[in-house]
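The structure under discussion appears below in the form of structure tokens.
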Amino acid sequence: MNEGSDRAVLVTGAGYVGSHTAKALHARGIVPVVFDNLSSGYREAVRWGPFEYGDIRDTAAVISAIEKHSISAVIHFAGLIEVGRSVARPDLFWDVNVIGTLRLLEAVKLTRTPRVVFSSSAAVYGHTDLARISEAAPKHPASPYGDTKLAGERMIEAQCAAYGLTGFALRYFNAAGADTGALIGEAHEPETHLIPLAIAAALDQSRALTVFGDDFATPDGTCLRDYVHVNDLAAAHVAAVLAKRPAGSFEALNLGTGVGHSVREVIAAVQAALGRDISFSRGPRRTGDPPILVADPSLAQQNLGWKAEHSGLDEIVRDAMRWEAAPAYGVGRRPPRATGLAAVAA
Ligand code: UFG
């Protein structure tokens with residue numbers, strides 16, 4: 001990057017991984033300027049730098065934020081993430097995740113911002129029999145959500161080559177855990193992820209948990225996932241912002257641990273951490289759930305020197321538990337704002 005150009009980074013999305021990354025950037029002396037239309041992000045999670053209200057589909061608003069803050073890199077998180085909803089509303093996902101990324105890239109091009117780091121997902125791989133998935137594995141997304149993430153990656157890769165940008169796509173496996181001080185954490189609405197739901201079921205015995213299928217070809221019959229601490233994900237984004245790369249380069253990197261944990265193991269870890277039973281029942285498989293989704297994370301280590309350091313299941317559950325016991329925001333989320341484009345994504 002240019003001399004002094006790593007001082008301010010535009011972070012689109014005041015959500016789960018975006019807010020933890022903003023904190024990690026700030027700790028490295030980089031100003032995170034958070035840009036969000038607050039359709040699912042949280043104003044309360046913006047604590048480490050300026051906030052700019054806007055929609056990623058509004059190129060002029062993105063340009064204005066980039067110029068106002070002399071931005072030298074964009075980390076693009078903003079988007080829709082629920083796999084199930086993407087099946088029901090694919091048009092919405094293509095609009096926000098694909099058109100949104102295209103409009104954002106237009107702003108990046110026009111302002112000659114040299115670097116883009118993209119929040120991608122293991123969902124780009126879809127179903128696979130591989131015990132550990134490397135970046136070279138076939139990409140056949142099993143949902144419109146995965147399709148839109150793959151489309152975003154490809155747009156960025158092509159624009160890096162065409163316009164001399166430096167690009168990274170970071171493919172998260174299962175983001176989990178929370179800030180150790182519980183200032184920020186996971187606050188999806190609705191919450192569909194296993195760990196917060198398991199903790200909620202342990203804290204409130206009236207909330208039962210359903211295990212989606214226990215007849216998979218895995219050691220205990222439940223799905224294996226590669227849970228990676230959100231602070232480890234945040235550290236990878238900082239490394240991608242700071243890494244020296246030639247103009248025109250693009251890398252897609254898996255962010256995971258290489259170790260899979262079953263749904264039953266997660267439930268046992270939450271029960272042990274809280275010293276409480278979780279009432280759960282067996283339900284049918286959830287559409288689109290691959291039995292095994294575990295990363296081969298060696299390329300991220302090789303290219304970025306990144307390795308998951310805080311992603312033991314016990315550490316993840318401990319931090320998630322602190323957050324779920326006393327969330328700083330997101331409880332009974334307010335109704336979606338009926339403002340302009342924000343309403344479209346509601
Ligand atoms: N699960 C349950 N009960 C629940 C919730 C989840 O049994 O109430 C199971 C799921 O079936 C899955 C595992 O717990 O086997 C983990 O499920 P999550 O919903 O926590 O996470 P996913 O693996 O479905 O989702 C992750 C990312 C998505 C990404 C997807 C790709 O969060 O962004 O992997 O498959 F798209």
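Labels used: A, B, ... for chains in the order of the structure tokens, numbers from 1 for residues in each chain, and numbers from 1 for ligands as shown.
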
Please list as a PyMOL selection string every residue within 8 Å of Pro290 in chain A, counting only C-alpha atoms and excluding residues in the same chain fewer than 4 positions away. chain A and resi 126-128+223

Residues just named, written with N, CA, C and O atoms as a tab-separated table (two decimals), in the first residue's frame:
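Produced file part33.tsv, reproduced below:
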chain	number	residue	atom	x	y	z
A	126	GLY	N	-20.51	-25.80	-1.64
A	126	GLY	CA	-21.67	-26.69	-1.71
A	126	GLY	C	-21.35	-28.07	-1.16
A	126	GLY	O	-20.48	-28.22	-0.30
A	127	HIS	N	-22.04	-29.07	-1.66
A	127	HIS	CA	-21.85	-30.43	-1.12
A	127	HIS	C	-20.54	-31.02	-1.63
A	127	HIS	O	-20.20	-30.89	-2.79
A	128	THR	N	-19.84	-31.67	-0.73
A	128	THR	CA	-18.56	-32.28	-1.10
A	128	THR	C	-18.32	-33.49	-0.21
A	128	THR	O	-18.80	-33.54	0.93
A	223	CYS	N	-24.05	-33.48	11.78
A	223	CYS	CA	-23.14	-32.79	10.85
A	223	CYS	C	-21.86	-32.29	11.52
A	223	CYS	O	-21.89	-31.83	12.67

Using only C-alpha atoms and all ligand atoms, which protein or nucleic acid residues are at most 6 Å from ligand 1, as a PyMOL selection string? chain A and resi 81+83+121-123+174+192-194+209-212+223+263+286+289

Do a neighbour search on Val62 in chain A at 9 Å with only C-alpha atoms, toss out local chain neighbours closer than 5 positions, and write the hits as a PyMOL selection string. chain A and resi 35+54-57+67+103-104+107-108

Using only C-alpha atoms, find the one residue out of A:Arg245, A:Arg171, A:His229, A:Arg115 that sits nearest to Glu315 in chain A. A:His229

If you run DSSP on the backbone, which residues of range 32-266 of chain A are strand (DSSP E or B), as a ChimeraX atom specification? /A:32-36,51-53,73-76,115-121,126,133,140,166-172,174-176,209-212,224-225,227-229,250-255,261-262

Keeping only N, CA and C atoms, write the selected residues as a short mmCIF file (atom, residue, chain, number, x, y, z; two decimals), in the first residue's frame.
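The resulting file, again35.cif, is reproduced below:
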data_model
loop_
_atom_site.label_atom_id
_atom_site.label_comp_id
_atom_site.auth_asym_id
_atom_site.auth_seq_id
_atom_site.Cartn_x
_atom_site.Cartn_y
_atom_site.Cartn_z
N PRO A 32 -11.24 2.32 11.36
CA PRO A 32 -12.30 1.65 10.61
C PRO A 32 -13.48 2.60 10.43
N VAL A 33 -13.80 2.91 9.18
CA VAL A 33 -14.97 3.75 8.89
C VAL A 33 -16.08 2.80 8.48
N VAL A 34 -17.09 2.70 9.31
CA VAL A 34 -18.13 1.68 9.07
C VAL A 34 -19.29 2.28 8.28
N PHE A 35 -19.64 1.60 7.20
CA PHE A 35 -20.68 2.06 6.26
C PHE A 35 -21.79 1.02 6.27
N ASP A 36 -23.02 1.45 6.58
CA ASP A 36 -24.11 0.47 6.70
C ASP A 36 -25.44 1.19 6.54
N PHE A 51 -18.99 6.44 11.74
CA PHE A 51 -20.07 5.70 11.09
C PHE A 51 -20.59 6.52 9.91
N GLU A 52 -20.80 5.88 8.79
CA GLU A 52 -21.41 6.52 7.63
C GLU A 52 -22.65 5.71 7.25
N TYR A 53 -23.81 6.37 7.30
CA TYR A 53 -25.05 5.71 6.93
C TYR A 53 -25.17 5.68 5.41
N ALA A 73 -8.48 1.18 1.55
CA ALA A 73 -8.89 -0.21 1.29
C ALA A 73 -10.34 -0.35 1.75
N VAL A 74 -11.05 -1.26 1.08
CA VAL A 74 -12.44 -1.53 1.46
C VAL A 74 -12.52 -2.98 1.92
N ILE A 75 -13.11 -3.20 3.08
CA ILE A 75 -13.42 -4.58 3.49
C ILE A 75 -14.94 -4.70 3.38
N HIS A 76 -15.37 -5.59 2.51
CA HIS A 76 -16.79 -5.64 2.15
C HIS A 76 -17.51 -6.81 2.83
N ARG A 115 -7.41 -1.49 -2.85
CA ARG A 115 -7.53 -2.84 -2.29
C ARG A 115 -8.95 -3.17 -1.83
N VAL A 116 -9.36 -4.40 -2.10
CA VAL A 116 -10.68 -4.88 -1.65
C VAL A 116 -10.51 -6.24 -0.97
N VAL A 117 -11.09 -6.35 0.21
CA VAL A 117 -11.11 -7.63 0.93
C VAL A 117 -12.58 -8.02 1.06
N PHE A 118 -12.92 -9.21 0.59
CA PHE A 118 -14.33 -9.61 0.48
C PHE A 118 -14.66 -10.71 1.48
N SER A 119 -15.79 -10.52 2.14
CA SER A 119 -16.30 -11.50 3.09
C SER A 119 -17.01 -12.61 2.32
N SER A 120 -16.33 -13.74 2.15
CA SER A 120 -16.95 -14.84 1.41
C SER A 120 -17.24 -15.99 2.37
N SER A 121 -17.55 -17.13 1.82
CA SER A 121 -18.10 -18.19 2.66
C SER A 121 -17.76 -19.56 2.11
N GLY A 126 -20.51 -25.80 -1.64
CA GLY A 126 -21.67 -26.69 -1.71
C GLY A 126 -21.35 -28.07 -1.16
N ILE A 133 -11.59 -29.34 2.90
CA ILE A 133 -11.80 -28.66 1.62
C ILE A 133 -10.68 -27.66 1.37
N HIS A 140 -19.64 -25.66 -6.28
CA HIS A 140 -21.03 -25.85 -6.73
C HIS A 140 -21.94 -25.44 -5.59
N THR A 166 -5.78 -4.85 -5.75
CA THR A 166 -5.36 -6.04 -5.00
C THR A 166 -6.59 -6.58 -4.29
N GLY A 167 -6.86 -7.87 -4.44
CA GLY A 167 -8.09 -8.41 -3.87
C GLY A 167 -7.87 -9.68 -3.06
N PHE A 168 -8.71 -9.82 -2.06
CA PHE A 168 -8.76 -11.05 -1.26
C PHE A 168 -10.22 -11.44 -1.09
N ALA A 169 -10.51 -12.73 -1.19
CA ALA A 169 -11.82 -13.25 -0.78
C ALA A 169 -11.53 -14.21 0.36
N LEU A 170 -12.12 -13.94 1.51
CA LEU A 170 -11.88 -14.79 2.68
C LEU A 170 -13.12 -15.64 2.90
N ARG A 171 -12.92 -16.95 2.77
CA ARG A 171 -14.06 -17.89 2.85
C ARG A 171 -14.16 -18.43 4.26
N TYR A 172 -15.13 -17.89 5.00
CA TYR A 172 -15.29 -18.33 6.39
C TYR A 172 -15.97 -19.69 6.42
N ASN A 174 -17.42 -21.87 9.87
CA ASN A 174 -18.51 -21.45 10.77
C ASN A 174 -18.03 -20.40 11.77
N ALA A 175 -18.33 -19.15 11.49
CA ALA A 175 -17.97 -18.05 12.40
C ALA A 175 -18.69 -18.26 13.73
N ALA A 176 -17.97 -18.09 14.82
CA ALA A 176 -18.57 -18.35 16.14
C ALA A 176 -17.81 -17.58 17.21
N LEU A 209 -34.12 -27.11 21.61
CA LEU A 209 -33.25 -27.09 20.43
C LEU A 209 -33.60 -28.31 19.57
N THR A 210 -33.61 -28.12 18.28
CA THR A 210 -33.82 -29.27 17.39
C THR A 210 -32.50 -29.59 16.70
N VAL A 211 -32.13 -30.85 16.73
CA VAL A 211 -30.94 -31.30 15.99
C VAL A 211 -31.42 -31.72 14.60
N PHE A 212 -30.90 -31.02 13.60
CA PHE A 212 -31.38 -31.25 12.24
C PHE A 212 -30.70 -32.47 11.61
N LEU A 224 -20.77 -32.34 10.77
CA LEU A 224 -19.49 -31.80 11.25
C LEU A 224 -19.27 -30.43 10.63
N ARG A 225 -18.88 -29.48 11.50
CA ARG A 225 -18.58 -28.12 11.03
C ARG A 225 -17.25 -27.66 11.63
N TYR A 227 -15.70 -24.74 13.29
CA TYR A 227 -16.05 -23.49 13.98
C TYR A 227 -14.79 -22.66 14.19
N VAL A 228 -14.87 -21.40 13.78
CA VAL A 228 -13.69 -20.53 13.88
C VAL A 228 -14.09 -19.26 14.61
N HIS A 229 -13.27 -18.90 15.59
CA HIS A 229 -13.59 -17.75 16.45
C HIS A 229 -13.61 -16.47 15.63
N PHE A 250 -5.07 -11.38 -6.85
CA PHE A 250 -6.31 -11.78 -6.16
C PHE A 250 -6.08 -13.14 -5.54
N GLU A 251 -6.51 -13.29 -4.28
CA GLU A 251 -6.39 -14.59 -3.61
C GLU A 251 -7.69 -14.92 -2.91
N ALA A 252 -8.14 -16.17 -3.03
CA ALA A 252 -9.27 -16.66 -2.26
C ALA A 252 -8.71 -17.62 -1.23
N LEU A 253 -9.02 -17.38 0.04
CA LEU A 253 -8.42 -18.17 1.12
C LEU A 253 -9.48 -18.70 2.08
N ASN A 254 -9.35 -19.96 2.45
CA ASN A 254 -10.23 -20.54 3.47
C ASN A 254 -9.83 -20.05 4.85
N LEU A 255 -10.82 -19.72 5.67
CA LEU A 255 -10.56 -19.41 7.07
C LEU A 255 -11.28 -20.45 7.93
N HIS A 261 -16.32 -30.36 14.30
CA HIS A 261 -17.04 -30.76 15.51
C HIS A 261 -18.48 -31.05 15.13
N SER A 262 -19.02 -32.11 15.72
CA SER A 262 -20.40 -32.49 15.40
C SER A 262 -21.38 -31.64 16.20
#

Quick one: residues within 9 Å of Ala198 in chain A, only C-alpha atoms counted, chain neighbours fewer than 2 positions away excluded, as a PDB file with all heavy atoms, in the first residue's frame?
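Below is the file selection_35.pdb, written as the result:
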ATOM      1  N   HIS A 193     -28.164 -19.890  13.969  1.00  0.00           N
ATOM      2  CA  HIS A 193     -26.915 -20.629  14.145  1.00  0.00           C
ATOM      3  C   HIS A 193     -26.913 -21.487  15.410  1.00  0.00           C
ATOM      4  O   HIS A 193     -27.516 -21.131  16.427  1.00  0.00           O
ATOM      5  CB  HIS A 193     -25.729 -19.654  14.146  1.00  0.00           C
ATOM      6  CG  HIS A 193     -25.512 -19.023  12.802  1.00  0.00           C
ATOM      7  ND1 HIS A 193     -25.939 -17.755  12.505  1.00  0.00           N
ATOM      8  CD2 HIS A 193     -24.957 -19.507  11.667  1.00  0.00           C
ATOM      9  CE1 HIS A 193     -25.635 -17.477  11.243  1.00  0.00           C
ATOM     10  NE2 HIS A 193     -25.043 -18.528  10.713  1.00  0.00           N
ATOM     11  N   LEU A 194     -26.198 -22.590  15.312  1.00  0.00           N
ATOM     12  CA  LEU A 194     -26.259 -23.612  16.367  1.00  0.00           C
ATOM     13  C   LEU A 194     -25.797 -23.114  17.734  1.00  0.00           C
ATOM     14  O   LEU A 194     -26.482 -23.331  18.735  1.00  0.00           O
ATOM     15  CB  LEU A 194     -25.412 -24.828  15.931  1.00  0.00           C
ATOM     16  CG  LEU A 194     -25.313 -25.940  16.961  1.00  0.00           C
ATOM     17  CD1 LEU A 194     -26.685 -26.552  17.250  1.00  0.00           C
ATOM     18  CD2 LEU A 194     -24.335 -27.028  16.494  1.00  0.00           C
ATOM     19  N   ILE A 195     -24.625 -22.478  17.790  1.00  0.00           N
ATOM     20  CA  ILE A 195     -24.057 -22.177  19.111  1.00  0.00           C
ATOM     21  C   ILE A 195     -24.941 -21.194  19.902  1.00  0.00           C
ATOM     22  O   ILE A 195     -25.306 -21.488  21.048  1.00  0.00           O
ATOM     23  CB  ILE A 195     -22.575 -21.743  19.001  1.00  0.00           C
ATOM     24  CG1 ILE A 195     -21.754 -22.962  18.539  1.00  0.00           C
ATOM     25  CG2 ILE A 195     -22.057 -21.167  20.319  1.00  0.00           C
ATOM     26  CD1 ILE A 195     -20.270 -22.717  18.333  1.00  0.00           C
ATOM     27  N   PRO A 196     -25.340 -20.046  19.313  1.00  0.00           N
ATOM     28  CA  PRO A 196     -26.237 -19.174  20.088  1.00  0.00           C
ATOM     29  C   PRO A 196     -27.551 -19.841  20.461  1.00  0.00           C
ATOM     30  O   PRO A 196     -28.066 -19.618  21.577  1.00  0.00           O
ATOM     31  CB  PRO A 196     -26.473 -17.977  19.172  1.00  0.00           C
ATOM     32  CG  PRO A 196     -25.831 -18.275  17.883  1.00  0.00           C
ATOM     33  CD  PRO A 196     -24.907 -19.426  18.047  1.00  0.00           C
ATOM     34  N   ALA A 200     -28.878 -20.393  24.202  1.00  0.00           N
ATOM     35  CA  ALA A 200     -30.210 -19.883  24.582  1.00  0.00           C
ATOM     36  C   ALA A 200     -31.049 -21.001  25.195  1.00  0.00           C
ATOM     37  O   ALA A 200     -31.756 -20.782  26.187  1.00  0.00           O
ATOM     38  CB  ALA A 200     -30.902 -19.289  23.358  1.00  0.00           C
ATOM     39  N   ALA A 201     -30.944 -22.198  24.625  1.00  0.00           N
ATOM     40  CA  ALA A 201     -31.730 -23.326  25.150  1.00  0.00           C
ATOM     41  C   ALA A 201     -31.237 -23.732  26.538  1.00  0.00           C
ATOM     42  O   ALA A 201     -32.026 -24.147  27.397  1.00  0.00           O
ATOM     43  CB  ALA A 201     -31.652 -24.510  24.192  1.00  0.00           C
ATOM     44  N   ALA A 202     -29.928 -23.586  26.772  1.00  0.00           N
ATOM     45  CA  ALA A 202     -29.394 -23.922  28.102  1.00  0.00           C
ATOM     46  C   ALA A 202     -29.802 -22.871  29.137  1.00  0.00           C
ATOM     47  O   ALA A 202     -30.092 -23.189  30.291  1.00  0.00           O
ATOM     48  CB  ALA A 202     -27.870 -24.036  28.032  1.00  0.00           C
ATOM     49  N   LEU A 203     -29.834 -21.605  28.710  1.00  0.00           N
ATOM     50  CA  LEU A 203     -30.167 -20.528  29.651  1.00  0.00           C
ATOM     51  C   LEU A 203     -31.666 -20.483  29.938  1.00  0.00           C
ATOM     52  O   LEU A 203     -32.086 -20.052  31.011  1.00  0.00           O
ATOM     53  CB  LEU A 203     -29.719 -19.170  29.088  1.00  0.00           C
ATOM     54  CG  LEU A 203     -28.208 -18.943  28.952  1.00  0.00           C
ATOM     55  CD1 LEU A 203     -27.931 -17.628  28.245  1.00  0.00           C
ATOM     56  CD2 LEU A 203     -27.528 -18.968  30.324  1.00  0.00           C
ATOM     57  N   ALA A 208     -36.517 -25.148  23.397  1.00  0.00           N
ATOM     58  CA  ALA A 208     -35.949 -26.438  22.989  1.00  0.00           C
ATOM     59  C   ALA A 208     -35.117 -26.266  21.726  1.00  0.00           C
ATOM     60  O   ALA A 208     -35.365 -25.376  20.924  1.00  0.00           O
ATOM     61  CB  ALA A 208     -37.068 -27.433  22.741  1.00  0.00           C
ATOM     62  N   LEU A 209     -34.116 -27.107  21.609  1.00  0.00           N
ATOM     63  CA  LEU A 209     -33.253 -27.089  20.433  1.00  0.00           C
ATOM     64  C   LEU A 209     -33.598 -28.305  19.573  1.00  0.00           C
ATOM     65  O   LEU A 209     -33.848 -29.389  20.105  1.00  0.00           O
ATOM     66  CB  LEU A 209     -31.798 -27.162  20.905  1.00  0.00           C
ATOM     67  CG  LEU A 209     -30.738 -27.093  19.825  1.00  0.00           C
ATOM     68  CD1 LEU A 209     -30.625 -25.674  19.270  1.00  0.00           C
ATOM     69  CD2 LEU A 209     -29.389 -27.532  20.396  1.00  0.00           C
ATOM     70  N   VAL A 266     -20.996 -30.019  20.022  1.00  0.00           N
ATOM     71  CA  VAL A 266     -21.246 -28.621  20.381  1.00  0.00           C
ATOM     72  C   VAL A 266     -22.229 -28.560  21.553  1.00  0.00           C
ATOM     73  O   VAL A 266     -22.017 -27.822  22.528  1.00  0.00           O
ATOM     74  CB  VAL A 266     -21.785 -27.823  19.163  1.00  0.00           C
ATOM     75  CG1 VAL A 266     -22.277 -26.452  19.580  1.00  0.00           C
ATOM     76  CG2 VAL A 266     -20.702 -27.701  18.088  1.00  0.00           C
ATOM     77  N   ILE A 267     -23.275 -29.346  21.475  1.00  0.00           N
ATOM     78  CA  ILE A 267     -24.262 -29.346  22.565  1.00  0.00           C
ATOM     79  C   ILE A 267     -23.594 -29.775  23.876  1.00  0.00           C
ATOM     80  O   ILE A 267     -23.791 -29.152  24.926  1.00  0.00           O
ATOM     81  CB  ILE A 267     -25.450 -30.279  22.214  1.00  0.00           C
ATOM     82  CG1 ILE A 267     -26.225 -29.685  21.039  1.00  0.00           C
ATOM     83  CG2 ILE A 267     -26.362 -30.481  23.420  1.00  0.00           C
ATOM     84  CD1 ILE A 267     -27.322 -30.594  20.483  1.00  0.00           C
ATOM     85  N   VAL A 270     -21.479 -26.936  25.276  1.00  0.00           N
ATOM     86  CA  VAL A 270     -22.295 -25.869  25.887  1.00  0.00           C
ATOM     87  C   VAL A 270     -22.831 -26.345  27.238  1.00  0.00           C
ATOM     88  O   VAL A 270     -22.809 -25.597  28.229  1.00  0.00           O
ATOM     89  CB  VAL A 270     -23.454 -25.455  24.936  1.00  0.00           C
ATOM     90  CG1 VAL A 270     -24.420 -24.506  25.636  1.00  0.00           C
ATOM     91  CG2 VAL A 270     -22.897 -24.803  23.672  1.00  0.00           C
ATOM     92  N   GLN A 271     -23.282 -27.585  27.286  1.00  0.00           N
ATOM     93  CA  GLN A 271     -23.782 -28.126  28.567  1.00  0.00           C
ATOM     94  C   GLN A 271     -22.687 -28.103  29.620  1.00  0.00           C
ATOM     95  O   GLN A 271     -22.918 -27.693  30.761  1.00  0.00           O
ATOM     96  CB  GLN A 271     -24.293 -29.561  28.381  1.00  0.00           C
ATOM     97  CG  GLN A 271     -25.568 -29.618  27.576  1.00  0.00           C
ATOM     98  CD  GLN A 271     -26.177 -31.017  27.481  1.00  0.00           C
ATOM     99  OE1 GLN A 271     -27.383 -31.140  27.371  1.00  0.00           O
ATOM    100  NE2 GLN A 271     -25.361 -32.054  27.513  1.00  0.00           N
ATOM    101  N   ILE A 278     -29.319 -29.221  28.203  1.00  0.00           N
ATOM    102  CA  ILE A 278     -30.049 -28.599  27.095  1.00  0.00           C
ATOM    103  C   ILE A 278     -31.099 -29.602  26.646  1.00  0.00           C
ATOM    104  O   ILE A 278     -30.772 -30.758  26.382  1.00  0.00           O
ATOM    105  CB  ILE A 278     -29.107 -28.308  25.910  1.00  0.00           C
ATOM    106  CG1 ILE A 278     -28.056 -27.283  26.315  1.00  0.00           C
ATOM    107  CG2 ILE A 278     -29.888 -27.847  24.690  1.00  0.00           C
ATOM    108  CD1 ILE A 278     -27.007 -27.028  25.261  1.00  0.00           C
ATOM    109  N   PHE A 280     -33.120 -31.096  23.919  1.00  0.00           N
ATOM    110  CA  PHE A 280     -33.133 -31.062  22.446  1.00  0.00           C
ATOM    111  C   PHE A 280     -33.872 -32.265  21.888  1.00  0.00           C
ATOM    112  O   PHE A 280     -33.977 -33.298  22.541  1.00  0.00           O
ATOM    113  CB  PHE A 280     -31.716 -30.970  21.866  1.00  0.00           C
ATOM    114  CG  PHE A 280     -30.843 -32.154  22.137  1.00  0.00           C
ATOM    115  CD1 PHE A 280     -30.830 -33.242  21.257  1.00  0.00           C
ATOM    116  CD2 PHE A 280     -30.016 -32.187  23.232  1.00  0.00           C
ATOM    117  CE1 PHE A 280     -30.003 -34.335  21.489  1.00  0.00           C
ATOM    118  CE2 PHE A 280     -29.191 -33.276  23.479  1.00  0.00           C
ATOM    119  CZ  PHE A 280     -29.187 -34.341  22.617  1.00  0.00           C
TER     120      PHE A 280
END

Name the residues in contact with range 6-19 of chain A at a cut-off of 9 Å, using only C-alpha atoms, excluding same-chain residues fewer than 6 positions from it; report them as a ChimeraX atom specification. /A:25,29-38,40-48,56,65-66,69-79,119,175,178,184-188,230-231,233-234,241-242

Shell around Glu324 in chain A at 8 Å using only C-alpha atoms, local window under 2 positions removed, as an NGL selection string: :A and (196 or 199-200 or 320-322 or 326-327)

Looking only at the backbone, which of the residues in range 46-271 of chain A does DSSP tag as helix (DSSP H, G or I), as JSON, numbers by chain? {"A": [59, 60, 61, 62, 63, 64, 65, 66, 67, 68, 83, 84, 85, 86, 87, 88, 90, 91, 92, 93, 94, 95, 96, 97, 98, 99, 100, 101, 102, 103, 104, 105, 106, 107, 108, 109, 110, 122, 123, 124, 144, 145, 146, 147, 148, 149, 150, 151, 152, 153, 154, 155, 156, 157, 158, 159, 160, 161, 162, 163, 194, 195, 196, 197, 198, 199, 200, 201, 202, 203, 230, 231, 232, 233, 234, 235, 236, 237, 238, 239, 240, 241, 242, 263, 264, 265, 266, 267, 268, 269, 270, 271]}

Can you tell me how far CA of Val238 in chain A sits from CA of Phe173 in chain A, in Å to one decimal? 17.7 Å

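One finds CA of Trp306 in chain A at 28.3 Å from CA of Lys109 in chain A.
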
Do you have the CA of Ile99 in chain A-CA of Gly49 in chain A distance handy? 26.8 Å

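Taking only C-alpha atoms into account, Ala239 in chain A lies nearest to A:Gly305 out of the set A:Gly305, A:Glu189, A:Leu92, A:Ser134.
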
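The shortest atom-to-atom distance to Trp94 in chain A, with only C-alpha atoms taken into account, belongs to A:Leu80 out of A:Val317, A:Ala300, A:Leu80, A:Ala247.
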